[in-house]
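Novice: Structure: start_36.cif, mmCIF, C-alpha atoms.
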data_coords
loop_
_atom_site.label_atom_id
_atom_site.label_comp_id
_atom_site.auth_asym_id
_atom_site.auth_seq_id
_atom_site.Cartn_x
_atom_site.Cartn_y
_atom_site.Cartn_z
CA MET R 642 100.79 36.58 72.34
CA SER R 643 103.69 38.76 71.17
CA LEU R 644 104.98 39.48 67.69
CA SER R 645 107.08 36.85 65.97
CA PRO R 646 110.66 37.81 64.99
CA ARG R 647 109.47 37.85 61.37
CA GLU R 648 106.66 40.32 62.15
CA ARG R 649 109.07 42.56 64.06
CA LEU R 650 111.54 42.45 61.19
CA THR R 651 108.77 43.31 58.71
CA LEU R 652 107.95 46.45 60.70
CA ASP R 653 111.64 47.36 61.04
CA ILE R 654 112.14 46.98 57.29
CA GLN R 655 109.03 49.05 56.55
CA ARG R 656 110.34 51.82 58.79
CA ALA R 657 113.79 51.74 57.20
CA VAL R 658 112.45 51.73 53.62
CA SER R 659 109.97 54.46 54.48
CA ARG R 660 112.72 56.61 55.96
CA CYS R 661 114.99 56.18 52.95
CA LEU R 662 112.26 56.98 50.44
CA PHE R 663 110.74 59.80 52.48
CA VAL R 664 113.29 62.13 50.84
CA PHE R 665 111.23 61.70 47.63
CA PHE R 666 107.85 60.71 49.02
CA GLY R 667 107.63 63.56 51.55
CA PRO R 668 108.19 66.45 49.10
CA MET R 669 105.77 64.79 46.66
CA MET R 670 103.05 64.85 49.33
CA VAL R 671 103.85 68.49 50.12
CA ILE R 672 103.60 69.45 46.45
CA LEU R 673 100.23 67.70 46.12
CA PHE R 674 99.06 69.23 49.38
CA HIS R 675 100.01 72.84 48.75
CA PHE R 676 99.96 73.16 44.96
CA ARG R 677 97.50 70.58 43.65
CA PHE R 678 94.89 70.93 46.40
CA LYS R 679 95.94 74.37 47.70
CA TYR R 680 95.64 73.29 51.30
CA LYS R 681 97.18 75.38 54.07
CA PHE R 682 97.47 75.45 57.85
CA GLN R 683 96.55 78.20 60.26
CA ASP R 684 99.52 79.13 62.50
CA ILE R 685 101.79 76.43 61.08
CA ASP R 686 104.92 77.63 62.92
CA LYS R 687 103.10 77.57 66.25
CA ILE R 688 101.82 74.01 65.60
CA ARG R 689 105.27 72.70 64.77
CA GLU R 690 106.92 74.47 67.67
CA GLU R 691 104.37 73.00 70.06
CA TYR R 692 104.74 69.48 68.66
CA LYS R 693 108.52 69.71 68.93
CA ARG R 694 108.18 70.81 72.55
CA HIS R 695 105.98 67.80 73.34
CA LEU R 696 108.36 65.41 71.59
CA ASN R 697 111.25 66.79 73.65
CA SER R 698 109.46 66.83 76.98
CA CYS R 699 107.56 63.52 76.92
CA GLN R 700 108.97 60.70 78.99
CA GLY R 701 107.68 57.44 77.59
CA PRO R 702 105.56 56.58 74.55
CA LEU R 703 103.56 59.29 72.82
CA ILE R 704 100.19 58.46 71.31
CA ILE R 705 98.32 60.98 69.22
CA CYS R 706 94.55 60.83 69.55
CA SER R 707 92.75 62.92 66.99
CA ASN R 708 89.24 63.58 65.76
CA HIS R 709 88.44 62.02 62.39
CA LEU R 710 86.62 63.86 59.61
CA THR R 711 88.11 62.90 56.25
CA LEU R 712 89.96 59.99 54.61
CA ILE R 713 93.25 61.91 54.56
CA ASP R 714 93.31 63.24 58.14
CA SER R 715 96.47 61.23 58.89
CA ILE R 716 98.33 62.79 55.96
CA ILE R 717 97.17 66.29 56.87
CA GLN R 718 98.23 65.70 60.44
CA SER R 719 101.69 64.40 59.49
CA LEU R 720 102.35 67.31 57.15
CA GLY R 721 101.17 69.78 59.76
CA LEU R 722 103.19 68.46 62.68
CA ASN R 723 106.58 68.94 61.08
CA SER R 724 108.31 70.01 57.89
CA ILE R 725 109.75 67.31 55.60
CA LEU R 726 113.21 68.22 56.83
CA GLY R 727 112.00 68.10 60.41
CA HIS R 728 110.52 64.63 59.91
CA LEU R 729 113.73 63.42 58.27
CA ARG R 730 115.78 64.74 61.17
CA ARG R 731 113.54 63.05 63.69
CA TYR R 732 111.77 60.19 61.96
CA SER R 733 110.35 58.81 65.20
CA GLY R 734 108.13 61.92 65.32
CA LEU R 735 106.39 61.05 62.04
CA PRO R 736 103.44 59.13 63.47
CA TRP R 737 102.55 55.57 62.56
CA ASN R 738 98.96 55.47 61.34
CA LEU R 739 96.26 52.83 61.43
CA PRO R 740 94.26 52.89 58.19
CA GLU R 741 91.31 50.55 57.77
CA LYS R 742 92.44 47.77 55.44
CA ASN R 743 89.28 47.66 53.30
CA ASN R 744 89.40 51.43 52.69
CA PHE R 745 93.07 51.77 51.76
CA TYR R 746 94.54 48.47 50.64
CA HIS R 747 92.36 47.87 47.57
CA ASN R 748 94.76 49.35 45.03
CA THR R 749 98.51 49.49 44.55
CA LYS R 750 98.78 53.28 44.73
CA TRP R 751 97.25 53.44 48.20
CA LYS R 752 99.18 50.35 49.33
CA ILE R 753 102.44 52.13 48.46
CA ILE R 754 101.33 55.36 50.13
CA CYS R 755 100.37 53.44 53.28
CA TYR R 756 103.61 51.46 53.32
CA LEU R 757 105.79 54.54 52.92
CA GLY R 758 103.61 56.58 55.24
CA LYS R 759 104.34 54.29 58.23
CA CYS R 760 100.95 52.59 58.36
CA ILE R 761 99.79 49.48 60.16
CA PRO R 762 96.59 48.24 58.51
CA VAL R 763 93.75 47.38 60.85
CA VAL R 764 90.52 45.55 60.13
CA ARG R 765 87.23 46.83 61.51
CA MET R 766 85.30 44.13 63.36
CA ALA R 767 88.43 41.96 63.38
CA SER R 768 88.56 38.71 65.31
CA ALA R 769 90.05 38.88 68.79
CA SER R 770 93.32 37.27 67.63
CA ASP R 771 93.70 39.64 64.65
CA GLY R 772 92.88 42.59 66.90
CA LYS R 773 95.56 41.49 69.38
CA LYS R 774 98.10 41.10 66.60
CA SER R 775 97.47 44.68 65.42
CA MET R 776 97.65 45.88 69.03
CA ASN R 777 101.02 44.13 69.46
CA LYS R 778 102.36 45.85 66.36
CA MET R 779 101.28 49.21 67.80
CA LEU R 780 102.95 48.41 71.13
CA TYR R 781 106.11 47.35 69.30
CA VAL R 782 106.54 50.63 67.40
CA LEU R 783 105.64 52.67 70.47
CA ASN R 784 108.15 50.83 72.63
CA LYS R 785 110.80 51.49 70.01
CA GLY R 786 110.24 55.21 70.58
CA ASP R 787 108.05 56.07 67.59
CA VAL R 788 104.89 58.15 67.82
CA LEU R 789 101.61 56.46 66.89
CA SER R 790 98.40 58.14 65.86
CA ILE R 791 94.97 56.66 66.52
CA PHE R 792 91.43 57.90 65.97
CA PRO R 793 89.70 57.22 69.28
CA GLU R 794 86.23 57.45 67.76
CA GLY R 795 87.14 54.35 65.71
CA LYS R 796 85.53 55.73 62.57
CA ARG R 797 85.03 58.90 60.60
CA SER R 798 82.43 61.16 62.10
CA ARG R 799 79.14 60.92 60.24
CA SER R 800 77.89 64.23 61.60
CA GLY R 801 81.05 66.35 61.36
CA LYS R 802 81.21 66.46 65.18
CA ILE R 803 82.89 64.13 67.65
CA ASP R 804 80.69 61.14 68.42
CA ASP R 805 80.81 60.95 72.21
CA VAL R 806 78.18 58.20 72.39
CA ASP R 807 79.03 55.46 69.90
CA PHE R 808 82.82 55.55 70.04
CA SER R 809 85.38 52.72 70.02
CA TYR R 810 87.42 51.57 73.03
CA GLY R 811 90.51 50.74 70.94
CA ALA R 812 92.50 53.75 72.19
CA GLY R 813 91.78 52.77 75.79
CA GLN R 814 92.72 49.14 75.07
CA LEU R 815 96.07 50.34 73.75
CA ILE R 816 96.79 52.85 76.50
CA LYS R 817 95.90 50.50 79.33
CA ASP R 818 98.81 48.30 78.26
CA ILE R 819 101.30 51.18 78.36
CA PRO R 820 102.08 52.60 81.78
CA HIS R 821 102.82 56.35 81.75
CA ALA R 822 101.56 56.79 78.20
CA ASN R 823 101.40 60.38 77.04
CA VAL R 824 98.36 61.16 74.98
CA LEU R 825 98.52 64.13 72.66
CA CYS R 826 94.94 65.05 71.80
CA ILE R 827 94.71 66.85 68.47
CA TYR R 828 91.69 68.64 67.13
CA LEU R 829 92.09 69.08 63.37
CA ARG R 830 89.43 70.63 61.20
CA GLY R 831 89.18 72.33 57.86
CA LYS R 832 87.42 75.65 58.18
CA LYS R 833 85.01 74.76 55.37
CA GLN R 834 84.30 71.30 56.82
CA GLY R 835 80.61 70.61 57.19
CA GLY R 836 79.32 67.13 57.89
CA PHE R 837 80.42 63.79 56.46
CA ALA R 838 83.09 64.05 53.75
CA ASN R 839 85.73 61.92 52.07
CA PHE R 840 88.16 64.73 51.30
CA PRO R 841 88.56 68.35 52.39
CA SER R 842 87.51 71.04 49.92
CA ARG R 843 90.16 72.42 47.60
CA GLY R 844 91.86 75.46 49.12
CA GLU R 845 90.94 74.37 52.64
CA GLU R 846 92.67 75.98 55.63
CA PHE R 847 93.19 73.68 58.60
CA TYR R 848 92.73 74.63 62.24
CA PHE R 849 95.02 72.61 64.45
CA LYS R 850 95.05 72.46 68.21
CA MET R 851 96.85 70.06 70.55
CA ASP R 852 96.83 69.31 74.24
CA LEU R 853 98.81 66.72 76.19
CA ILE R 854 96.98 64.58 78.74
CA ASN R 855 97.86 61.58 80.88
CA PRO R 856 94.68 59.53 81.14
CA TYR R 857 94.42 57.50 84.31
CA SER R 858 91.97 54.96 85.63
CA GLN R 859 91.83 52.89 88.79
CA GLU R 860 89.63 50.33 87.04
CA SER R 861 91.02 47.20 85.42
CA GLY R 862 90.43 45.18 82.24
CA LEU R 863 87.64 46.25 79.92
CA ARG R 864 86.37 48.87 82.36
CA LYS R 865 89.77 50.54 82.33
CA ALA R 866 89.81 50.57 78.51
CA ARG R 867 86.35 52.15 78.47
CA ASP R 868 87.27 54.69 81.14
CA LEU R 869 90.48 55.77 79.35
CA SER R 870 88.72 56.03 75.99
CA ARG R 871 86.00 58.14 77.55
CA GLN R 872 88.56 60.57 79.04
CA ILE R 873 90.14 61.07 75.61
CA ILE R 874 86.81 61.58 73.85
CA GLU R 875 85.73 64.06 76.55
CA LYS R 876 88.96 66.01 76.06
CA LEU R 877 88.46 66.09 72.27
CA LYS R 878 84.88 67.18 72.78
CA ILE R 879 86.08 70.13 74.88
CA MET R 880 88.62 71.01 72.18
CA GLU R 881 85.86 70.86 69.58
CA GLN R 882 83.74 73.21 71.66
CA GLU R 883 86.71 75.60 71.91
CA TYR R 884 87.03 75.52 68.11
CA PHE R 885 83.39 76.48 67.62
CA ASN R 886 83.66 79.17 70.30
CA ASP R 887 86.74 80.61 68.52
CA ILE R 888 84.89 80.60 65.21
CA ALA R 889 81.91 82.32 66.78
CA ILE R 890 84.15 85.01 68.26
CA CYS R 891 85.91 85.53 64.89
CA ARG R 892 82.56 86.05 63.20
CA MET D 270 69.33 31.07 88.60
CA ASN D 271 68.67 28.46 85.91
CA GLU D 272 69.86 28.59 82.29
CA THR D 273 66.51 29.77 80.91
CA GLN D 274 66.46 32.70 83.32
CA ILE D 275 70.05 33.53 82.41
CA TYR D 276 69.16 33.37 78.69
CA ASP D 277 66.21 35.74 79.14
CA LYS D 278 68.31 38.20 81.08
CA VAL D 279 71.18 38.03 78.57
CA VAL D 280 68.77 38.78 75.72
CA SER D 281 67.30 41.73 77.59
CA LEU D 282 70.80 43.11 78.28
CA ILE D 283 71.90 42.75 74.63
CA SER D 284 68.67 44.15 73.19
CA PRO D 285 69.37 47.91 73.67
CA TYR D 286 72.65 47.57 71.74
CA ALA D 287 71.28 45.58 68.78
CA LYS D 288 71.05 47.66 65.61
CA ASN D 289 69.27 44.87 63.75
CA ARG D 290 65.94 44.94 65.61
CA GLU D 291 64.39 42.30 63.37
CA ALA D 292 67.14 39.79 64.14
CA MET D 293 66.67 40.54 67.82
CA THR D 294 63.04 39.44 67.70
CA VAL D 295 64.03 36.00 66.37
CA ALA D 296 67.21 35.66 68.40
CA SER D 297 68.29 32.24 69.61
CA ARG D 298 71.32 30.76 71.34
CA GLU D 299 73.03 30.48 67.92
CA THR D 300 72.55 34.17 67.06
CA LYS D 301 75.90 35.88 66.48
CA ILE D 302 76.07 39.08 68.51
CA LEU D 303 78.31 41.06 66.16
CA GLU D 304 77.30 39.81 62.73
CA ASP D 305 73.61 38.98 63.17
CA LEU D 306 72.56 41.68 65.63
CA GLY D 307 74.74 44.47 64.20
CA VAL D 308 76.48 45.17 67.49
CA ASN D 309 79.94 46.74 67.09
CA SER D 310 82.95 45.61 69.10
CA ALA D 311 82.91 48.60 71.46
CA ARG D 312 79.28 47.97 72.32
CA LEU D 313 80.14 44.30 72.89
CA VAL D 314 82.46 45.55 75.63
CA ASP D 315 79.50 47.49 77.09
CA ILE D 316 77.41 44.33 76.94
CA VAL D 317 80.06 42.26 78.75
CA LEU D 318 80.32 44.94 81.45
CA ALA D 319 76.52 44.92 81.72
CA PHE D 320 76.71 41.13 82.29
CA GLU D 321 79.25 41.72 85.06
CA ASP D 322 76.98 44.23 86.79
CA ALA D 323 73.74 42.32 86.30
CA PHE D 324 75.04 38.90 87.39
CA ASP D 325 77.67 40.17 89.82
CA ILE D 326 80.46 38.25 88.10
CA GLU D 327 83.84 39.08 86.64
CA VAL D 328 84.55 38.30 82.98
CA GLU D 329 88.24 38.12 82.11
CA ASP D 330 89.41 39.76 78.86
CA GLU D 331 90.25 36.35 77.33
CA ALA D 332 86.81 34.97 78.19
CA ALA D 333 85.16 38.07 76.70
CA ASP D 334 87.09 37.49 73.47
CA ASN D 335 85.39 34.09 73.18
CA ILE D 336 81.84 35.40 73.29
CA PHE D 337 80.52 35.18 69.75
CA THR D 338 76.91 34.05 70.15
CA ILE D 339 74.18 34.54 72.72
CA GLY D 340 74.73 30.89 73.66
CA ASP D 341 78.43 31.56 74.38
CA ALA D 342 77.43 34.31 76.80
CA VAL D 343 74.83 32.12 78.50
CA THR D 344 77.28 29.22 78.88
CA LEU D 345 79.97 31.51 80.29
CA ILE D 346 77.64 33.14 82.82
CA ASN D 347 76.04 29.83 83.79
CA GLY D 348 79.53 28.40 84.43
CA LYS D 349 80.37 31.30 86.73
CA LEU D 350 77.08 31.27 88.63
CA ASN D 351 76.53 27.56 89.06
#
Give the structure from the file, written as structure tokens.
Specialist:
Amino acid sequence: MSLSPRERLTLDIQRAVSRCLFVFFGPMMVILFHFRFKYKFQDIDKIREEYKRHLNSCQGPLIICSNHLTLIDSIIQSLGLNSILGHLRRYSGLPWNLPEKNNFYHNTKWKIICYLGKCIPVVRMASASDGKKSMNKMLYVLNKGDVLSIFPEGKRSRSGKIDDVDFSYGAGQLIKDIPHANVLCIYLRGKKQGGFANFPSRGEEFYFKMDLINPYSQESGLRKARDLSRQIIEKLKIMEQEYFNDIAICR
Amino acid sequence: MNETQIYDKVVSLISPYAKNREAMTVASRETKILEDLGVNSARLVDIVLAFEDAFDIEVEDEAADNIFTIGDAVTLINGKLN
């Protein structure tokens, strides 16, 4: 089951509209981010340089797999990975995101933000056919050369740490259908982040670390999806451990 | 292996993943694995893989997508074994 011409056109139009309006929408997000909420990044130049290097060097689709702590992780990630000018110059590098429909599509403001922010809504516990349709949309944008960001845990962490037991296999399902997929694991965390939270604290400084991996599995079908997802979660878990080790050293 | 034996084994394989323990105690062939037992979709994958290991069968992705109830699982496995 592939996407209909109408569904492909809808995504193409969304991308084009989003790109045109990003000139206004992007700076607005930056203003809110830096001035309203006083958020900042640690080593921002290093993060952006590294992301640019990965974008230039990757052959084939690039999928970002990140830990998930707050409702606005995707926005934080997008603003951290490149400047507004940088995103405008290379719009394929602004990742598509996969917000949960029930969380973000209940009011017009968030619908607009999601539309302009290159989002494909997904439904948790969706039927197999709806799940496949979302998956096909993801494959479509990836095959067109855009970056896509997914939270491999499948939900926000309830403990503030990566859940390496009860995680989703959605990332593995996606990657198993893309030969030679590059997976950029990102560990993103506000330094004041404790456990479960909707939003980061005001004035938060974000730690950002990335590492490129090429997950591989000799299994097939569902086992392959599980195996690939596990490799990504294990990598993120290591990155999380490195974060806490760094913090411990700093203290 | 007859259908009753398959049913018993299916229930025992699903049981560790069921968040709704009460629904598990009154489970029947009509019990919906996701909705009634509180199993999430990732754990349903684990359950299908557990079926493959326990019954020594292979469940195709499309067939796995059509498992909604305990009865669906039993029918699928019975069809592959007998």
Novice: Here's the selection I'm unsure about, the PyMOL selection byres ((chain D and resi 281) around 12); applied to the file above, which residues does it give, as a PyMOL selection string?
Specialist: chain D and resi 274-280+282-287+293-294+296+316+319-320+323+339
Novice: Distance atom CA of R:Ile754-atom CA of R:Tyr828, one decimal place?
Specialist: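 Going from atom CA of R:Ile754 over to atom CA of R:Tyr828, I get 23.6 Å.
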Novice: Residues of chain R were defined as contacting chain D if any atom lay at most 12 Å from it, counting only C-alpha atoms; please report them as a ChimeraX atom specification.
Specialist: /R:642,764-773,793-796,806-814,861-868,870-871
Novice: Report as a ChimeraX atom specification the full result of the PyMOL selection byres ((chain D and resi 272) around 12) when it is applied to this structure.
Specialist: /D:270-271,273-279,298,340,342-351
Novice: I need the residue nearest R:Arg730 from this list: R:Phe666, R:Leu877, R:Phe678, R:Lys693. Use all atoms listed in the file for the distance.
Specialist: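 Looking only at the distances to R:Arg730, the closest residue turns out to be R:Lys693.
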Novice: Given the file shown, determine the residues that the PyMOL selection byres ((chain R and resi 699) around 12) selects; report them as a list in words.
Specialist: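 With the PyMOL selection byres ((chain R and resi 699) around 12) on this model, the match is Tyr692, Lys693, Arg694, His695, Leu696, Asn697, Ser698, Gln700, Gly701, Pro702, Leu703, Ile704, Gly734, Gly786, Asp787, Val788, His821, Ala822, Asn823, Val824, Leu825, Leu853, Ile854 and Asn855 of chain R.
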Novice: Identify which of the residues R:Ile685, R:Lys802, R:Lys832, R:Arg660 lies closest to R:Arg731, counting only C-alpha atoms when measuring atom-to-atom distances.
Specialist: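 Once distances to R:Arg731 are computed over only C-alpha atoms, the minimum belongs to R:Arg660.
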